[in-house]
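This is my_file14.txt. It holds compact mmCIF, C-alpha atoms.
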```
# COMPACT_ATOMS: atom_id res chain seq x y z
CA MET Y 28 -14.69 -6.87 -9.16
CA ARG Y 29 -14.43 -6.76 -5.38
CA VAL Y 30 -12.55 -4.23 -3.28
CA LEU Y 31 -11.52 -4.89 0.31
CA GLY Y 32 -11.13 -1.68 2.29
CA VAL Y 33 -9.12 -1.83 5.51
CA ASP Y 34 -8.78 0.67 8.35
CA PRO Y 35 -5.69 -0.68 10.18
CA GLY Y 36 -5.26 -0.77 13.93
CA THR Y 37 -3.67 -3.22 16.37
CA GLN Y 38 -6.68 -3.24 18.69
CA HIS Y 39 -9.53 -2.75 16.21
CA MET Y 40 -9.25 -3.29 12.46
CA GLY Y 41 -12.15 -2.26 10.26
CA TYR Y 42 -12.97 -3.90 6.95
CA GLY Y 43 -15.51 -3.36 4.20
CA VAL Y 44 -16.07 -5.25 0.95
CA LEU Y 45 -17.53 -3.50 -2.08
CA GLU Y 46 -18.79 -5.46 -5.06
CA VAL Y 47 -18.77 -3.69 -8.41
CA ALA Y 48 -20.82 -4.78 -11.41
CA GLY Y 49 -20.70 -2.20 -14.18
CA PRO Y 50 -21.98 1.08 -12.80
CA SER Y 51 -23.57 -0.48 -9.69
CA VAL Y 52 -21.74 -0.76 -6.38
CA ARG Y 53 -22.93 -2.48 -3.26
CA CYS Y 54 -21.37 -3.08 0.10
CA VAL Y 55 -21.58 -6.83 0.69
CA ALA Y 56 -19.73 -7.11 4.01
CA TRP Y 57 -18.30 -4.97 6.76
CA GLY Y 58 -17.20 -5.29 10.32
CA THR Y 59 -14.56 -4.73 12.95
CA LEU Y 60 -11.97 -7.29 13.98
CA ASP Y 61 -11.31 -6.82 17.69
CA ALA Y 62 -7.99 -8.20 18.88
CA PRO Y 63 -7.93 -9.63 22.40
CA ARG Y 64 -7.28 -6.90 24.95
CA GLY Y 65 -4.20 -7.22 27.10
CA GLN Y 66 -2.34 -9.43 24.63
CA PRO Y 67 1.15 -8.48 23.44
CA VAL Y 68 1.18 -6.76 20.04
CA HIS Y 69 2.57 -9.81 18.23
CA GLN Y 70 -0.38 -11.91 19.45
CA ARG Y 71 -2.88 -9.23 18.45
CA LEU Y 72 -1.29 -8.99 14.99
CA ARG Y 73 -1.52 -12.77 14.60
CA PHE Y 74 -5.20 -12.65 15.56
CA LEU Y 75 -5.85 -9.86 13.05
CA TYR Y 76 -3.92 -11.69 10.33
CA LEU Y 77 -6.00 -14.84 10.79
CA ALA Y 78 -9.31 -12.98 11.08
CA LEU Y 79 -8.68 -10.75 8.05
CA GLY Y 80 -7.51 -13.85 6.21
CA GLN Y 81 -10.96 -15.34 6.75
CA VAL Y 82 -12.53 -12.24 5.20
CA VAL Y 83 -10.20 -12.56 2.20
CA ASP Y 84 -11.01 -16.28 1.85
CA ALA Y 85 -14.76 -15.65 2.08
CA TRP Y 86 -14.98 -12.73 -0.38
CA ARG Y 87 -11.97 -13.19 -2.69
CA PRO Y 88 -11.36 -9.48 -3.32
CA ASP Y 89 -9.40 -8.34 -6.36
CA HIS Y 90 -8.09 -5.11 -4.82
CA LEU Y 91 -6.98 -4.08 -1.34
CA ALA Y 92 -7.50 -0.42 -0.46
CA ILE Y 93 -5.85 0.41 2.83
CA GLU Y 94 -5.56 3.62 4.77
CA GLU Y 95 -2.09 5.03 5.35
CA PRO Y 96 -1.18 5.41 9.00
CA PHE Y 97 -1.93 8.81 10.43
CA VAL Y 98 -1.37 9.43 14.09
CA ALA Y 99 -1.87 12.76 15.81
CA PRO Y 100 1.38 14.09 17.29
CA GLU Y 101 0.00 13.86 20.82
CA ARG Y 102 -0.35 10.07 20.43
CA GLY Y 103 3.35 9.69 19.63
CA ALA Y 104 5.63 7.64 17.44
CA LYS Y 105 4.89 4.38 19.25
CA SER Y 106 1.27 4.59 18.14
CA ALA Y 107 2.32 5.34 14.54
CA VAL Y 108 4.57 2.27 14.49
CA ALA Y 109 1.75 0.08 15.80
CA VAL Y 110 -0.66 1.28 13.10
CA GLY Y 111 2.05 0.63 10.49
CA GLN Y 112 2.41 -2.91 11.82
CA ALA Y 113 -1.34 -3.42 11.47
CA GLN Y 114 -1.17 -2.07 7.92
CA ALA Y 115 1.50 -4.69 7.18
CA VAL Y 116 -1.01 -7.41 8.09
CA GLY Y 117 -3.27 -6.31 5.24
CA LEU Y 118 -0.36 -5.89 2.84
CA LEU Y 119 0.91 -9.43 3.53
CA LEU Y 120 -2.54 -10.92 3.00
CA ALA Y 121 -2.93 -8.99 -0.26
CA ALA Y 122 0.45 -10.19 -1.52
CA GLY Y 123 -0.44 -13.80 -0.71
CA ALA Y 124 -3.82 -13.53 -2.44
CA GLY Y 125 -2.48 -11.74 -5.53
CA MET Y 126 -4.55 -8.60 -4.94
CA GLU Y 127 -3.69 -5.19 -6.33
CA VAL Y 128 -2.76 -2.90 -3.44
CA HIS Y 129 -3.68 0.77 -3.18
CA ARG Y 130 -2.94 3.05 -0.23
CA TYR Y 131 -4.75 6.28 0.63
CA LEU Y 132 -4.24 9.08 3.13
CA PRO Y 133 -7.18 9.81 5.46
CA SER Y 134 -7.66 13.23 3.81
CA GLN Y 135 -7.86 11.58 0.36
CA VAL Y 136 -10.53 9.21 1.63
CA LYS Y 137 -12.61 11.99 3.20
CA SER Y 138 -12.28 14.16 0.12
CA ALA Y 139 -13.30 11.33 -2.26
CA VAL Y 140 -16.25 10.20 -0.16
CA ALA Y 141 -17.63 13.34 1.48
CA ASP Y 142 -16.13 15.94 -0.89
CA TYR Y 143 -14.19 17.59 1.94
CA GLY Y 144 -10.76 16.49 3.22
CA ALA Y 145 -11.53 17.48 6.81
CA SER Y 146 -14.97 15.82 7.02
CA THR Y 147 -16.02 14.35 10.34
CA LYS Y 148 -16.52 10.61 10.78
CA ALA Y 149 -20.26 11.24 11.07
CA GLN Y 150 -20.31 13.09 7.74
CA VAL Y 151 -18.40 10.27 6.04
CA GLN Y 152 -20.70 7.65 7.53
CA ARG Y 153 -23.84 9.52 6.45
CA THR Y 154 -22.47 9.81 2.92
CA LEU Y 155 -21.79 6.06 2.86
CA GLN Y 156 -25.34 5.37 4.01
CA LEU Y 157 -26.75 7.53 1.21
CA VAL Y 158 -24.44 6.41 -1.59
CA LEU Y 159 -24.39 2.68 -0.78
CA GLY Y 160 -27.84 2.30 0.74
CA LEU Y 161 -26.46 1.16 4.09
CA PRO Y 162 -28.82 0.91 7.06
CA PRO Y 163 -29.54 4.14 8.94
CA GLU Y 164 -28.20 2.70 12.22
CA PRO Y 165 -24.66 3.79 13.08
CA ILE Y 166 -21.88 1.51 11.90
CA ALA Y 167 -18.74 1.03 13.98
CA GLU Y 168 -16.29 3.80 13.08
CA ASP Y 169 -13.53 1.38 12.09
CA ALA Y 170 -15.89 -0.43 9.71
CA SER Y 171 -17.26 2.76 8.14
CA ASP Y 172 -13.71 4.08 7.72
CA ALA Y 173 -12.80 0.85 5.89
CA ILE Y 174 -15.86 1.09 3.62
CA ALA Y 175 -14.88 4.70 2.88
CA VAL Y 176 -11.34 3.61 1.92
CA ALA Y 177 -12.81 1.05 -0.49
CA LEU Y 178 -15.16 3.64 -1.99
CA CYS Y 179 -12.27 6.11 -2.34
CA HIS Y 180 -10.31 3.47 -4.23
CA LEU Y 181 -13.23 2.74 -6.50
CA ALA Y 182 -13.52 6.44 -7.40
CA HIS Y 183 -9.80 6.63 -8.20
CA TRP Y 184 -9.88 3.34 -10.11
CA ARG Y 185 -12.78 4.49 -12.31
CA VAL Y 186 -11.06 7.77 -13.18
CA THR Y 187 -7.81 5.95 -13.96
CA ALA Y 188 -9.67 3.46 -16.17
CA LYS Y 189 -11.28 6.33 -18.12
CA VAL Y 190 -7.93 8.01 -18.62
CA ARG Y 191 -6.36 4.77 -19.88
CA THR Y 192 -9.08 4.26 -22.47
CA ALA Y 193 -9.07 7.89 -23.66
```

Show me, as structure tokens, the structure contained in the file I just sent.
Amino acid sequence: MRVLGVDPGTQHMGYGVLEVAGPSVRCVAWGTLDAPRGQPVHQRLRFLYLALGQVVDAWRPDHLAIEEPFVAPERGAKSAVAVGQAQAVGLLLAAGAGMEVHRYLPSQVKSAVADYGASTKAQVQRTLQLVLGLPPEPIAEDASDAIAVALCHLAHWRVTAKVRTA
């Protein structure tokens, strides 16, 4: 099974692909898709749709785990709408590829990965490095957030599978 984790944004969109074989999990791909600066939002969304589509084509994930938009009040509603539009890019690609879709709040992701819902990005990234054997060099925040979303989904999926079989 493969899980594609996505951290949506209209300027930078992070992605991470986890491959699961029995009890073992490895991160097989990650990165940040950087939309062209200065372009109107519809052009940036098109760029992100095409670029994330290449990731989907290359890795053929079974599940999409995507972070729910959260925008601090000081950033305003316009920013929240933009993140929601970026999230829609991932949702459309998942629908077209027949993937299961799962959405998680940032606090759920932090709690599942670093065992604390208010963890810092550095704490989450360090946990990912330890759990998945990622390189010690810093990973772009958008990419590590996406890997964390995928790992959060995997934790929830495994618990749900155990409950179903019990």

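Using all atoms listed in the file, the shortest contact distance between Ile174 in chain Y and any of Y:Ala121, Y:Ala104, Y:Val68, Y:Leu31 is found at Y:Leu31.
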
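In this comparison, which uses only C-alpha atoms, the residue of Y:Gly49, Y:Gly41, Y:Pro165, Y:Gly80 approaching Gly123 in chain Y most closely is Y:Gly80.
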
Taking the point (-12.3, -5.6, 14.0) as given in the file, collect each protein or nucleic acid residue that comes within 9 Å of it, counting only C-alpha atoms, and present the set as a list in words.
Gly36, Gln38, His39, Met40, Gly41, Tyr42, Gly58, Thr59, Leu60, Asp61, Ala62, Leu75, Ala78, Leu79, Asp169 and Ala170 of chain Y

One decimal place gives the CA of Lys148 in chain Y-CA of Asp172 in chain Y separation as 7.7 Å

Taking a cut-off of 7 Å and counting only C-alpha atoms, can you build a table that, for each residue of range 162-193 of chain Y near range 89-100 of chain Y, reports the nearest atom pair and how far apart they are in Å (one decimal), sorted by chain then residue number, as CSV?
```
residue,atom,partner,partner_atom,distance
Y:Val176,CA,Y:Ala92,CA,6.1
Y:Ala177,CA,Y:Ala92,CA,5.5
Y:His180,CA,Y:Ala92,CA,6.1
```

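Taking CA of Ala85 in chain Y as the reference point, CA of Val33 in chain Y is found at 15.3 Å.
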
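Compared by their closest atoms to Lys137 in chain Y, and using all atoms listed in the file, the residues Y:Ala167, Y:Ala124, Y:Val158, Y:Leu178 rank with Y:Leu178 nearest.
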